[in-house]
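Structure first, then comments.
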Amino acid sequence: MGGTFIHFLNSMKHRWQPILVAITLASIALSGLFRLTSLASPDIPLGIAIILCGTPSLLYILLRILKRDLGADALAAIALITAILLHQYFAAVIIILMLSSGQSFEAYAMRRASSVLRTLADRMPSIAHRKTLNTIEEIPLQNIQIGDTIVVYPHETCPVDGLVVEGQGAMDESYLTGEPYQISKAPGSTVLSGAINGDSLLLLQAEKLPSDSRYASIVAVLLDAEQKRPTMRRLGDQIGALFAPIALIAALAVWYVTGDATRFLSVLVIATPCPLLIAIPITIISAISMAAKHAIIIKDPTVLERLPTCRTAIFDKTGTFTYGEPHLTDILVEPGFTPEGLLQQAASLERYSKHPLASAILQAAQKKGLPLLEAAHISEKPGVGLSGTVGKNKIQITHRKKLLVLHPELETKLESKLPPSSTGLECIILSNGQYAATLRFHDIPRVDSESFINHLVPAHQFNKIMLVSGDRESEVQYFATLFYFSEVYASQTPEQKLAIVRAEQKKAATLFMGDGINDAPALTAATVGIAFGPYSTVTAAAAGAVIMENSLRKVDELIHLSVATRKIALQSALGGMALSVIGMGFAAAGFISPVAGALLQEVIDIVAIMNALRLIYSPRIETDFV
């Protein structure tokens with residue numbers, strides 16, 4: 001019951017603070033006018049302000065004290081009561097002004113820090129357009145059901161995840177990727193909620209409920225992260241609770257030594273460690289908003305604290321350091337054939353295939369500018385391969401093990417012609433029944449993989465970089481030869497990855513980065529778990545952060561952001577406290593009056609909060625990754 005009442009008072013406190021500030025300022029002005037004109041006692045408007053504005057604050061603080069929450073607010077309450085008992089009404093009103101204006105400025109700063117999150121939350125439409133037979137009706141967003149046909153008009157925000165069933169156009173998905181690219185859409189294309197439609201009308205079939213959509217998941221995760229209290233923020237509360245009784249004892253000691261109650265009041269007023277309590281949460285929320293602007297979803301704010309402490313980096317391979325898809329790397333042809341000619345014929349067939357290697361062959365042909373030829377008599381049997389006629393040639397694409405089963409008569413001829421097996425994937429091309437070529441494929445590294453790996457040790461003090469993958473030994477070893485890793489593990493199950501992470505955790509704080517799917521146990525066990533790639537499940541409980549863009553630069557940005565967050569929070573909190581301690585010394589010596597102390601503390605609060613908001617005003621995250 002008490003907690004509920006305090007929560008109610010807290011919400012009312014933030015709502016009424018601007019009014020309390022206005023009343024307090026008006027009373028100060030009216031008191032000055034009465035003092036100059038002698039129309040009435042200057043204490044009358046001050047007394048009214050104390051009753052109207054001081055009573056709610058005192059009630060709230062006293063209830064917190066009864067719950068044994070002895071913090072900065074308790075010092076302010078004691079200072080206010082002391083000022084009233086000493087008949088220093090002007091000082092009492094200034095203390096009230098310090099409390100109410102500080103809380104108003106804090107509320108503004110929190111709103112400013114949360115601006116990106118509010119923008120995301122407000123972006124979704126409340127109404128959707130559902131097509132039924134020959135009519136289009138407007139329905140509330142929450143009434144959309146899976147399978148509904150939704151009409152998205154030009155320049156509207158897509159309300160739900162789905163598939164395009166009619167229309168062609170483009171959509172802006174920059175809220176997901178951080179890049180202002182228009183993504184082409186046609187029937188069969190996936191559409192994500194929150195994307196902004198271009199100039200064309202699109203009809204899509206809802207695949208998820210709005211509450212389960214990609215966009216709703218992102219917003220929910222961000223808002224939840226905003227409400228969490230990471231260790232750094234709790235540490236601020238603990239230091240504040242420790243500092244308050246020490247400051248009170250110091251103020252009592254000054255009163256005892258000097259016999260001057262005014263100095264006791266001055267020390268209490270300036271001792272309030274508001275920068276410590278305000279700056280840390282504002283810095284954290286600023287960092288979460290800054291990350292969201294750069295396609296980084298921070299689910300657990302403790303990532304911002306722990307990431308700078310990590311000294312071991314463990315990475316999955318597929319989709320993290322690589323693109324997670326095969327690429328054609330070698331075309332080994334027999335005499336009498338040309339690589340371009342066979343690639344063109346293979347691609348002309350593969351456009352009709354759903355095999356994982358088909359897209360790699362098509363991409364390779366496209367890069368070389370090879371036009372596709374007409375193909376006929378196409379057949380693709382599971383486990384056998386793809387065959388068809390391209391021009392006058394009968395082309396067959398299969399794999400090494402199946403080749404001799406299909407053509408035992410070629411066994412003698414192929415012994416000297418087939419290249420030795422290698423790492424990666426491969427397929428064999430037959431032209432008119434004769435062996436023509438071997439195509440080799442690898443999951444190639446990202447263009448920034450090498451510079452990222454080489455950057456981790458000197459720039460971020462990682463002592464150990466490990467590659468732990470579920471892929472087979474040959475593929476992982478091929479990749480390991482390209483870069484330096486302290487240790488490499490292949491063919492690892494999720495349980496084995498978990499065991500490796502736990503073993504490394506005992507030695508040093510550990511970062512694990514994977515695709516967020518089969519890496520979930522390892523992501524959970526690591527000091528910091530980062531899910532990488534735009535198709536990672538945002539709501540997966542495993543990862544503390546999700547990188548929404550296929551770029552390792554974003555991982556480096558997150559590391560730098562965490563370092564900056566920790567630095568700014570400590571600057572604001574400890575710097576503000578240091579200034580308060582210095583001010584307490586001058587107040588104890590009699591150089592600062594209670595009124596001047598309250599005004600000085602207000603200045604310290606503003607400086608600390610403005611410093612905490614530095615991340616929000618930065619146009620980009622500073623990195624040194626090239």
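Letters A, B, ... go to the chains of the structure tokens in the order shown; residues in each chain start at 1; ligands are counted from 1 in the same order.
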Non-local contacts of Thr398 in chain A (8 Å; only C-alpha atoms; under 3 positions in same chain excluded) as a ChimeraX atom specification: /A:384-386,402-403,427-429
Any chance you could export the current selection's all heavy atoms as a CSV table (one decimal), in the first residue's frame?
```
chain,number,residue,atom,x,y,z
A,384,VAL,N,20.1,-36.2,-56.6
A,384,VAL,CA,20.7,-36.5,-57.9
A,384,VAL,C,21.3,-35.3,-58.5
A,384,VAL,O,22.4,-35.3,-59.0
A,384,VAL,CB,19.6,-37.1,-58.8
A,384,VAL,CG1,20.1,-37.3,-60.2
A,384,VAL,CG2,19.0,-38.4,-58.3
A,385,GLY,N,20.6,-34.2,-58.5
A,385,GLY,CA,21.2,-33.0,-59.0
A,385,GLY,C,20.2,-32.4,-60.0
A,385,GLY,O,19.0,-32.8,-60.2
A,386,LEU,N,20.7,-31.4,-60.8
A,386,LEU,CA,19.9,-30.6,-61.7
A,386,LEU,C,20.4,-30.9,-63.1
A,386,LEU,O,21.6,-31.0,-63.4
A,386,LEU,CB,20.1,-29.1,-61.4
A,386,LEU,CG,19.4,-28.1,-62.3
A,386,LEU,CD1,17.9,-28.2,-62.2
A,386,LEU,CD2,19.9,-26.7,-62.0
A,402,LYS,N,27.8,-38.6,-56.0
A,402,LYS,CA,26.7,-39.1,-56.8
A,402,LYS,C,27.1,-39.4,-58.3
A,402,LYS,O,26.5,-40.1,-59.0
A,402,LYS,CB,25.5,-38.2,-56.8
A,402,LYS,CG,24.2,-38.8,-57.2
A,402,LYS,CD,23.7,-39.8,-56.2
A,402,LYS,CE,22.4,-40.4,-56.6
A,402,LYS,NZ,22.0,-41.5,-55.6
A,403,LEU,N,28.2,-38.7,-58.6
A,403,LEU,CA,28.7,-38.7,-60.0
A,403,LEU,C,28.9,-40.2,-60.5
A,403,LEU,O,28.4,-40.6,-61.6
A,403,LEU,CB,29.9,-37.9,-60.2
A,403,LEU,CG,30.5,-37.8,-61.6
A,403,LEU,CD1,29.5,-37.3,-62.6
A,403,LEU,CD2,31.8,-37.0,-61.6
A,427,CYS,N,30.5,-28.6,-56.6
A,427,CYS,CA,29.5,-29.4,-57.5
A,427,CYS,C,30.3,-29.7,-58.8
A,427,CYS,O,31.2,-29.0,-59.1
A,427,CYS,CB,28.2,-28.6,-57.7
A,427,CYS,SG,28.4,-27.1,-58.6
A,428,ILE,N,29.8,-30.7,-59.5
A,428,ILE,CA,30.4,-31.2,-60.7
A,428,ILE,C,29.5,-30.9,-61.9
A,428,ILE,O,28.3,-31.1,-61.8
A,428,ILE,CB,30.7,-32.7,-60.7
A,428,ILE,CG1,31.5,-33.1,-59.4
A,428,ILE,CG2,31.4,-33.2,-61.9
A,428,ILE,CD1,32.9,-32.5,-59.4
A,429,ILE,N,30.1,-30.4,-63.0
A,429,ILE,CA,29.3,-30.1,-64.2
A,429,ILE,C,29.7,-31.1,-65.3
A,429,ILE,O,30.9,-31.3,-65.6
A,429,ILE,CB,29.5,-28.7,-64.7
A,429,ILE,CG1,29.1,-27.7,-63.6
A,429,ILE,CG2,28.8,-28.4,-66.0
A,429,ILE,CD1,29.3,-26.2,-64.0
```
Near Ile465 in chain A, within 12 Å and counting only C-alpha atoms, which residues show up once chain neighbours fewer than 6 positions away are dropped, as a JSON list (two decimals) with C-alpha atoms, in the first residue's frame?
```json
[["chain", "number", "residue", "atom", "x", "y", "z"],
["A", 310, "CYS", "CA", 35.67, -8.14, -21.56],
["A", 311, "ARG", "CA", 39.11, -9.55, -22.35],
["A", 312, "THR", "CA", 38.17, -12.75, -24.21],
["A", 313, "ALA", "CA", 36.19, -12.64, -27.46],
["A", 314, "ILE", "CA", 34.49, -15.81, -28.70],
["A", 315, "PHE", "CA", 32.82, -15.68, -32.10],
["A", 316, "ASP", "CA", 30.66, -18.00, -34.13],
["A", 452, "PHE", "CA", 37.92, -5.95, -37.16],
["A", 453, "ILE", "CA", 39.80, -8.95, -35.75],
["A", 454, "ASN", "CA", 43.15, -7.14, -35.92],
["A", 455, "HIS", "CA", 41.56, -4.11, -34.26],
["A", 456, "LEU", "CA", 40.28, -5.86, -31.14],
["A", 457, "VAL", "CA", 43.59, -6.45, -29.37],
["A", 480, "ALA", "CA", 41.05, -19.96, -39.74],
["A", 483, "PHE", "CA", 43.04, -14.73, -39.95],
["A", 484, "TYR", "CA", 44.74, -15.17, -36.62],
["A", 485, "PHE", "CA", 42.75, -16.74, -33.79],
["A", 486, "SER", "CA", 44.09, -17.81, -30.42],
["A", 487, "GLU", "CA", 42.03, -21.01, -30.57],
["A", 488, "VAL", "CA", 39.73, -22.57, -33.17],
["A", 489, "TYR", "CA", 36.96, -25.13, -32.55],
["A", 504, "GLU", "CA", 36.60, -19.10, -20.47],
["A", 510, "THR", "CA", 33.94, -12.94, -22.04],
["A", 511, "LEU", "CA", 32.17, -11.56, -25.11],
["A", 512, "PHE", "CA", 30.29, -14.05, -27.30],
["A", 513, "MET", "CA", 28.88, -13.04, -30.65]]
```
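Each of A:Ile48, A:Ile621, A:Met610, A:Ile568 was checked against Arg553 in chain A using only C-alpha atoms; the smallest atom-to-atom distance is that of A:Ile621.
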Nearest to Leu248 in chain A, chosen from A:Leu201, A:Glu426, A:Ala295, A:Met584, with only C-alpha atoms counted in the distances: A:Met584
Residue neighbourhood Ile44 in chain A, 10 Å, only C-alpha atoms, exclusion window fewer than 5 positions, as a PyMOL selection string: chain A and resi 27+30-31+34+49-50+89
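Interatomic distance, CA of Glu557 in chain A to CA of Ala545 in chain A: 12.3 Å.
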Non-local contacts of Glu475 in chain A (12 Å; only C-alpha atoms; under 6 positions in same chain excluded) as a ChimeraX atom specification: /A:317-318,322,326,422-426,440-445,469,481-482,488-491
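Across the structure, CA of Ile84 in chain A and CA of Leu265 in chain A are spaced 10.5 Å apart.
The two atoms in question, CA of Ile196 in chain A and CA of Thr132 in chain A, are spaced 23.1 Å apart.
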Option closest in space to Met577 in chain A, from A:Lys368, A:Ala271, A:Val607, A:Ser126 [counting only C-alpha atoms]: A:Ala271
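With only C-alpha atoms as the atoms that count, the minimum distance from Ile582 in chain A to the choices A:Leu33, A:Leu204, A:Val267, A:Ala347 is reached by A:Val267.
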Residues within 9 Å of Arg263 in chain A, only C-alpha atoms, excluding chain neighbours under 6 positions, as a PDB file with C-alpha atoms, in the first residue's frame:
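Contents of selection_4.pdb, as written:
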```
ATOM      1  CA  ALA A 251      27.071  19.108   8.995  1.00  0.00           C
ATOM      2  CA  VAL A 254      30.331  21.820  11.859  1.00  0.00           C
ATOM      3  CA  TRP A 255      27.386  22.945  14.002  1.00  0.00           C
ATOM      4  CA  ALA A 587      30.020  26.373   3.566  1.00  0.00           C
ATOM      5  CA  ALA A 588      31.572  24.904   6.729  1.00  0.00           C
ATOM      6  CA  ALA A 589      34.056  27.794   6.755  1.00  0.00           C
ATOM      7  CA  GLY A 590      31.203  30.291   6.576  1.00  0.00           C
ATOM      8  CA  ILE A 592      28.611  30.218   1.540  1.00  0.00           C
ATOM      9  CA  SER A 593      25.158  31.073   2.883  1.00  0.00           C
ATOM     10  CA  PRO A 594      22.217  28.638   2.666  1.00  0.00           C
TER      11      PRO A 594
END
```
Within 9 Å of His560 in chain A using only C-alpha atoms, minus same-chain residues under 3 positions, as a ChimeraX atom specification: /A:308,460,555-557,563-565,621-624
